[in-house]
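Student: My structure is in run30.txt, and what it holds is compact mmCIF, C-alpha atoms:
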```
# COMPACT_ATOMS: atom_id res chain seq x y z
CA MET A 1 -51.53 -14.05 -53.36
CA GLY A 2 -53.00 -15.67 -56.43
CA VAL A 3 -51.93 -17.69 -59.41
CA VAL A 4 -51.81 -16.01 -62.81
CA VAL A 5 -53.33 -18.14 -65.54
CA SER A 6 -53.24 -17.18 -69.21
CA THR A 7 -54.77 -19.29 -71.93
CA GLU A 8 -52.39 -17.76 -74.48
CA SER A 9 -49.29 -18.69 -72.53
CA LEU A 10 -50.53 -22.26 -72.37
CA SER A 11 -51.25 -22.33 -76.10
CA GLY A 12 -47.91 -20.80 -77.10
CA GLY A 13 -49.10 -17.24 -77.77
CA SER A 14 -47.61 -14.07 -76.36
CA GLY A 15 -47.55 -13.91 -72.59
CA ALA A 16 -48.58 -10.23 -72.54
CA SER A 17 -52.29 -10.79 -73.11
CA PRO A 18 -54.73 -8.36 -71.49
CA ASN A 19 -57.04 -11.33 -70.81
CA ARG A 20 -55.06 -12.62 -67.84
CA ARG A 21 -57.14 -13.83 -64.95
CA ARG A 22 -56.16 -14.06 -61.34
CA THR A 23 -57.48 -17.06 -59.55
CA ARG A 24 -57.51 -17.40 -55.82
CA PRO A 25 -58.16 -20.51 -53.84
CA SER A 26 -61.60 -20.15 -52.37
CA ARG A 27 -62.07 -20.51 -48.66
CA SER A 28 -64.36 -23.48 -49.10
CA ASN A 29 -61.62 -25.39 -50.95
CA LYS A 30 -59.20 -25.30 -48.05
CA SER A 31 -58.63 -28.78 -46.78
CA ARG A 32 -59.97 -29.38 -43.35
CA ALA A 33 -59.05 -32.29 -41.20
CA ALA A 34 -61.98 -34.52 -40.46
CA ALA A 35 -62.91 -34.53 -36.82
CA VAL A 36 -62.63 -37.85 -35.06
CA GLU A 37 -65.12 -38.55 -32.33
CA ILE A 38 -63.44 -40.29 -29.41
CA ASP A 39 -65.53 -42.77 -27.44
CA ARG A 40 -64.39 -42.50 -23.83
CA LYS A 41 -66.21 -45.66 -22.82
CA ALA A 42 -64.33 -47.63 -25.48
CA LEU A 43 -61.00 -46.13 -24.39
CA THR A 44 -61.70 -46.94 -20.75
CA ARG A 45 -62.70 -50.49 -21.60
CA GLY A 46 -59.61 -51.05 -23.72
CA ALA A 47 -57.25 -49.47 -21.17
CA LEU A 48 -58.67 -51.57 -18.34
CA PHE A 49 -58.34 -54.79 -20.36
CA GLY A 50 -54.72 -53.92 -21.11
CA LEU A 51 -54.02 -52.99 -17.50
CA ALA A 52 -55.58 -56.28 -16.36
CA VAL A 53 -52.81 -58.08 -18.24
CA ILE A 54 -49.94 -55.65 -17.63
CA ALA A 55 -50.32 -55.47 -13.83
CA PRO A 56 -49.95 -59.22 -13.12
CA VAL A 57 -47.11 -59.52 -15.63
CA SER A 58 -45.37 -56.59 -13.97
CA ILE A 59 -45.76 -58.18 -10.54
CA GLY A 60 -44.38 -61.43 -11.94
CA VAL A 61 -41.40 -59.57 -13.39
CA GLU A 62 -40.66 -58.03 -9.99
CA VAL A 63 -40.78 -61.47 -8.34
CA LEU A 64 -38.58 -63.04 -11.03
CA ASP A 65 -36.17 -60.12 -10.84
CA ALA A 66 -35.87 -60.55 -7.07
CA VAL A 67 -34.74 -64.16 -7.47
CA ASP A 68 -32.44 -63.41 -10.46
CA VAL A 69 -34.35 -65.52 -12.97
CA LEU A 70 -34.61 -62.73 -15.57
CA SER A 71 -30.86 -62.35 -15.86
CA LYS A 72 -30.57 -65.85 -17.34
CA GLY A 73 -31.00 -65.78 -21.09
CA ALA A 74 -34.17 -65.40 -23.08
CA VAL A 75 -36.59 -65.56 -20.15
CA VAL A 76 -36.92 -61.76 -20.29
CA PHE A 77 -38.69 -61.98 -23.67
CA ILE A 78 -41.68 -63.82 -22.22
CA PRO A 79 -42.91 -60.81 -20.17
CA PHE A 80 -42.05 -58.52 -23.09
CA VAL A 81 -44.31 -60.48 -25.44
CA ALA A 82 -47.04 -60.65 -22.77
CA ILE A 83 -46.98 -56.86 -22.35
CA LEU A 84 -47.08 -56.32 -26.12
CA ALA A 85 -50.06 -58.69 -26.24
CA ALA A 86 -51.70 -56.57 -23.54
CA PHE A 87 -51.37 -53.49 -25.76
CA VAL A 88 -52.89 -55.41 -28.68
CA LEU A 89 -55.73 -56.57 -26.42
CA ALA A 90 -56.35 -52.99 -25.26
CA GLY A 91 -56.57 -51.78 -28.86
CA HIS A 92 -58.78 -54.69 -29.87
CA GLN A 93 -61.27 -54.08 -27.07
CA ALA A 94 -61.40 -50.34 -27.73
CA ALA A 95 -61.88 -50.82 -31.47
CA ARG A 96 -64.65 -53.36 -30.95
CA THR A 97 -66.48 -51.07 -28.52
CA ALA A 98 -66.08 -47.84 -30.50
CA ARG A 99 -68.42 -46.99 -33.37
CA GLY A 100 -65.69 -45.69 -35.65
CA SER A 101 -61.99 -44.93 -35.99
CA PRO A 102 -60.63 -48.29 -34.82
CA TYR A 103 -56.97 -47.33 -35.26
CA THR A 104 -57.32 -44.12 -33.29
CA HIS A 105 -59.19 -45.84 -30.48
CA GLY A 106 -56.71 -48.71 -30.51
CA ALA A 107 -53.67 -46.44 -30.31
CA LEU A 108 -55.18 -44.32 -27.55
CA ALA A 109 -56.30 -47.36 -25.55
CA GLY A 110 -52.83 -48.92 -25.77
CA LEU A 111 -51.28 -45.64 -24.66
CA ALA A 112 -53.85 -45.24 -21.86
CA SER A 113 -53.12 -48.72 -20.51
CA PHE A 114 -49.40 -47.93 -20.47
CA MET A 115 -49.95 -44.57 -18.79
CA ALA A 116 -52.23 -46.14 -16.18
CA TRP A 117 -49.60 -48.79 -15.42
CA LEU A 118 -46.85 -46.15 -15.31
CA THR A 119 -48.88 -44.06 -12.86
CA LEU A 120 -49.47 -47.09 -10.62
CA ARG A 121 -45.80 -48.05 -10.77
CA MET A 122 -44.63 -44.55 -9.90
CA GLY A 123 -47.17 -44.37 -7.07
CA THR A 124 -45.99 -47.62 -5.51
CA HIS A 125 -42.34 -46.61 -5.83
CA LEU A 126 -43.14 -43.25 -4.26
CA VAL A 127 -44.90 -44.90 -1.32
CA LEU A 128 -42.03 -47.36 -0.85
CA GLY A 129 -39.44 -44.58 -1.04
CA GLU A 130 -37.73 -46.04 -4.10
CA ARG A 131 -36.56 -44.36 -7.28
CA LEU A 132 -39.64 -43.48 -9.35
CA LEU A 133 -38.42 -44.70 -12.75
CA GLY A 134 -35.40 -46.61 -13.96
CA LYS A 135 -32.75 -48.47 -12.04
CA GLU A 136 -29.71 -47.23 -10.18
CA GLY A 137 -27.19 -45.78 -12.59
CA ASP A 138 -29.71 -44.90 -15.31
CA THR A 139 -29.35 -41.39 -16.62
CA PRO A 140 -32.43 -39.18 -16.97
CA LEU A 141 -32.04 -39.38 -20.76
CA THR A 142 -32.15 -43.18 -20.62
CA VAL A 143 -35.33 -43.09 -18.54
CA VAL A 144 -37.02 -40.59 -20.88
CA LEU A 145 -36.05 -42.57 -23.98
CA THR A 146 -37.28 -45.79 -22.41
CA VAL A 147 -40.66 -44.28 -21.51
CA MET A 148 -41.02 -42.79 -25.00
CA THR A 149 -40.11 -46.10 -26.63
CA VAL A 150 -42.63 -48.05 -24.57
CA ALA A 151 -45.27 -45.39 -25.29
CA LEU A 152 -44.66 -45.83 -29.03
CA LEU A 153 -44.78 -49.61 -28.66
CA SER A 154 -48.05 -49.33 -26.75
CA MET A 155 -49.61 -47.24 -29.51
CA SER A 156 -48.28 -49.60 -32.19
CA GLY A 157 -49.71 -52.61 -30.39
CA GLY A 158 -52.97 -50.73 -29.93
CA ILE A 159 -53.13 -49.97 -33.64
CA LEU A 160 -52.56 -53.64 -34.43
CA GLY A 161 -55.36 -54.53 -32.01
CA GLY A 162 -57.50 -51.84 -33.64
CA LEU A 163 -56.90 -53.47 -37.00
CA VAL A 164 -58.13 -56.82 -35.73
CA GLY A 165 -60.95 -55.28 -33.67
CA GLY A 166 -62.07 -53.11 -36.57
CA ARG A 167 -62.34 -56.15 -38.80
CA ASP A 168 -64.33 -58.00 -36.17
CA GLY A 169 -66.69 -55.03 -35.93
CA ARG A 170 -67.24 -54.95 -39.70
CA ASP A 171 -67.89 -58.69 -39.80
CA ARG A 172 -70.62 -58.37 -37.16
CA ALA A 173 -72.35 -55.47 -38.90
```
Please rewrite the model in this file as structure tokens.

Tutor:
Amino acid sequence: MGVVVSTESLSGGSGASPNRRRTRPSRSNKSRAAAVEIDRKALTRGALFGLAVIAPVSIGVEVLDAVDVLSKGAVVFIPFVAILAAFVLAGHQAARTARGSPYTHGALAGLASFMAWLTLRMGTHLVLGERLLGKEGDTPLTVVLTVMTVALLSMSGGILGGLVGGRDGRDRA
């Protein structure tokens, strides 16, 4: 399907000119998405840095939850900020290590650190015979929405880390 273009119709002449041309978009003009090369070493490095922060914070949360410290006020925001900082650190390390695409590497490293932690958490709960995800009384929808929200937060933190790490990489070059 083409576009009909007439010079007479553009200049105000009669639209029934025999000089009408059909133009078709050429195949070379089709927009193609640029391929992004993913550096697995950078992703692994970033994910491990993030996991190195998330795992101890998660253990600390379990200990504090066992002694009912987290139920008292704003103490719960300290581990939240520490985990967000872990996602930023994961993105920063991945962006610094990767040759290009700092935001992509940052987002994927943040997501990979979350998925690695989630896998470890589910594995330990499986071994201990506990519920895999969520707490008693949580509906499956609540668990799915929570996992999706944290996954989006991990990618957002990773992108922020990629922004900082990408700038550091440009300053060194």

Student: How many Å separate CA of Ala90 (chain A) from CA of Leu48 (chain A)?

Tutor: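 For CA of Ala90 (chain A) relative to CA of Leu48 (chain A), the distance reads 7.4 Å.
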
Student: Excluding Val143 (chain A) and residues on its chain fewer than 4 positions from it, collect all residues at most 7 Å away from it, counting all atoms listed in the file, and give them as a PyMOL selection string.

Tutor: chain A and resi 133-134+138-139+147

Student: So how many Å separate CA of Val57 (chain A) and CA of Val127 (chain A), to one decimal?

Tutor: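 Calculated distance between CA of Val57 (chain A) and CA of Val127 (chain A) is 20.6 Å.
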
Student: Just the residues within 12 Å of Val81 (chain A), please, counting only C-alpha atoms, with nothing from its chain fewer than 3 positions along; format it as a short mmCIF file (atom, residue, chain, number, x, y, z; two decimals) with C-alpha atoms, keeping the file's coordinate frame.

Tutor:
```cif
data_model
loop_
_atom_site.label_atom_id
_atom_site.label_comp_id
_atom_site.auth_asym_id
_atom_site.auth_seq_id
_atom_site.Cartn_x
_atom_site.Cartn_y
_atom_site.Cartn_z
CA VAL A 53 -52.81 -58.08 -18.24
CA ILE A 54 -49.94 -55.65 -17.63
CA VAL A 57 -47.11 -59.52 -15.63
CA ALA A 74 -34.17 -65.40 -23.08
CA VAL A 75 -36.59 -65.56 -20.15
CA VAL A 76 -36.92 -61.76 -20.29
CA PHE A 77 -38.69 -61.98 -23.67
CA ILE A 78 -41.68 -63.82 -22.22
CA LEU A 84 -47.08 -56.32 -26.12
CA ALA A 85 -50.06 -58.69 -26.24
CA ALA A 86 -51.70 -56.57 -23.54
CA PHE A 87 -51.37 -53.49 -25.76
CA VAL A 88 -52.89 -55.41 -28.68
CA LEU A 153 -44.78 -49.61 -28.66
CA SER A 154 -48.05 -49.33 -26.75
CA GLY A 157 -49.71 -52.61 -30.39
#
```

Student: Can you pull out the residues contacting Leu160 (chain A)? Cut-off 9 Å, using all atoms listed in the file, and skip same-chain residues under 3 positions away; I want them as an NGL selection string.

Tutor: :A and (87-88 or 91-92 or 103 or 106-107 or 155-157 or 163-165)

Student: One decimal, Å: what's the distance from CA of Arg96 (chain A) over to CA of Gly50 (chain A), could you say?

Tutor: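 Calculated distance between CA of Arg96 (chain A) and CA of Gly50 (chain A) is 14.0 Å.
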
Student: May I have the residues at most 9 Å from (-61.4, -45.5, -23.8) in the file's coordinates, counting all atoms listed in the file, as a ChimeraX atom specification?

Tutor: /A:38-48,94,97-98,105-106,108-109,112

Student: Next, the residues of the selection above should be written as a PDB file, in the frame of the given file with C-alpha atoms.

Tutor:
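Just written: again28.pdb:
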```
ATOM      1  CA  ILE A  38     -63.440 -40.290 -29.410  1.00  0.00           C
ATOM      2  CA  ASP A  39     -65.530 -42.770 -27.440  1.00  0.00           C
ATOM      3  CA  ARG A  40     -64.390 -42.500 -23.830  1.00  0.00           C
ATOM      4  CA  LYS A  41     -66.210 -45.660 -22.820  1.00  0.00           C
ATOM      5  CA  ALA A  42     -64.330 -47.630 -25.480  1.00  0.00           C
ATOM      6  CA  LEU A  43     -61.000 -46.130 -24.390  1.00  0.00           C
ATOM      7  CA  THR A  44     -61.700 -46.940 -20.750  1.00  0.00           C
ATOM      8  CA  ARG A  45     -62.700 -50.490 -21.600  1.00  0.00           C
ATOM      9  CA  GLY A  46     -59.610 -51.050 -23.720  1.00  0.00           C
ATOM     10  CA  ALA A  47     -57.250 -49.470 -21.170  1.00  0.00           C
ATOM     11  CA  LEU A  48     -58.670 -51.570 -18.340  1.00  0.00           C
ATOM     12  CA  ALA A  94     -61.400 -50.340 -27.730  1.00  0.00           C
ATOM     13  CA  THR A  97     -66.480 -51.070 -28.520  1.00  0.00           C
ATOM     14  CA  ALA A  98     -66.080 -47.840 -30.500  1.00  0.00           C
ATOM     15  CA  HIS A 105     -59.190 -45.840 -30.480  1.00  0.00           C
ATOM     16  CA  GLY A 106     -56.710 -48.710 -30.510  1.00  0.00           C
ATOM     17  CA  LEU A 108     -55.180 -44.320 -27.550  1.00  0.00           C
ATOM     18  CA  ALA A 109     -56.300 -47.360 -25.550  1.00  0.00           C
ATOM     19  CA  ALA A 112     -53.850 -45.240 -21.860  1.00  0.00           C
TER      20      ALA A 112
END
```

Student: Ranking A:Ala116, A:Gly110, A:Gly123, A:Thr149 by minimum distance to Gly162 (chain A) and counting only C-alpha atoms, which one comes first?

Tutor: A:Gly110

Student: Would you mind listing what lies within 12 Å of Leu120 (chain A) as a PDB file with C-alpha atoms, in the coordinates of the input, with all atoms listed in the file counted and same-chain residues fewer than 3 positions away left out?

Tutor:
```pdb
ATOM      1  CA  LEU A  51     -54.020 -52.990 -17.500  1.00  0.00           C
ATOM      2  CA  ILE A  54     -49.940 -55.650 -17.630  1.00  0.00           C
ATOM      3  CA  ALA A  55     -50.320 -55.470 -13.830  1.00  0.00           C
ATOM      4  CA  SER A  58     -45.370 -56.590 -13.970  1.00  0.00           C
ATOM      5  CA  ILE A  59     -45.760 -58.180 -10.540  1.00  0.00           C
ATOM      6  CA  SER A 113     -53.120 -48.720 -20.510  1.00  0.00           C
ATOM      7  CA  PHE A 114     -49.400 -47.930 -20.470  1.00  0.00           C
ATOM      8  CA  MET A 115     -49.950 -44.570 -18.790  1.00  0.00           C
ATOM      9  CA  ALA A 116     -52.230 -46.140 -16.180  1.00  0.00           C
ATOM     10  CA  TRP A 117     -49.600 -48.790 -15.420  1.00  0.00           C
ATOM     11  CA  GLY A 123     -47.170 -44.370  -7.070  1.00  0.00           C
ATOM     12  CA  THR A 124     -45.990 -47.620  -5.510  1.00  0.00           C
ATOM     13  CA  HIS A 125     -42.340 -46.610  -5.830  1.00  0.00           C
ATOM     14  CA  LEU A 126     -43.140 -43.250  -4.260  1.00  0.00           C
ATOM     15  CA  VAL A 127     -44.900 -44.900  -1.320  1.00  0.00           C
ATOM     16  CA  LEU A 132     -39.640 -43.480  -9.350  1.00  0.00           C
ATOM     17  CA  LEU A 133     -38.420 -44.700 -12.750  1.00  0.00           C
TER      18      LEU A 133
END
```
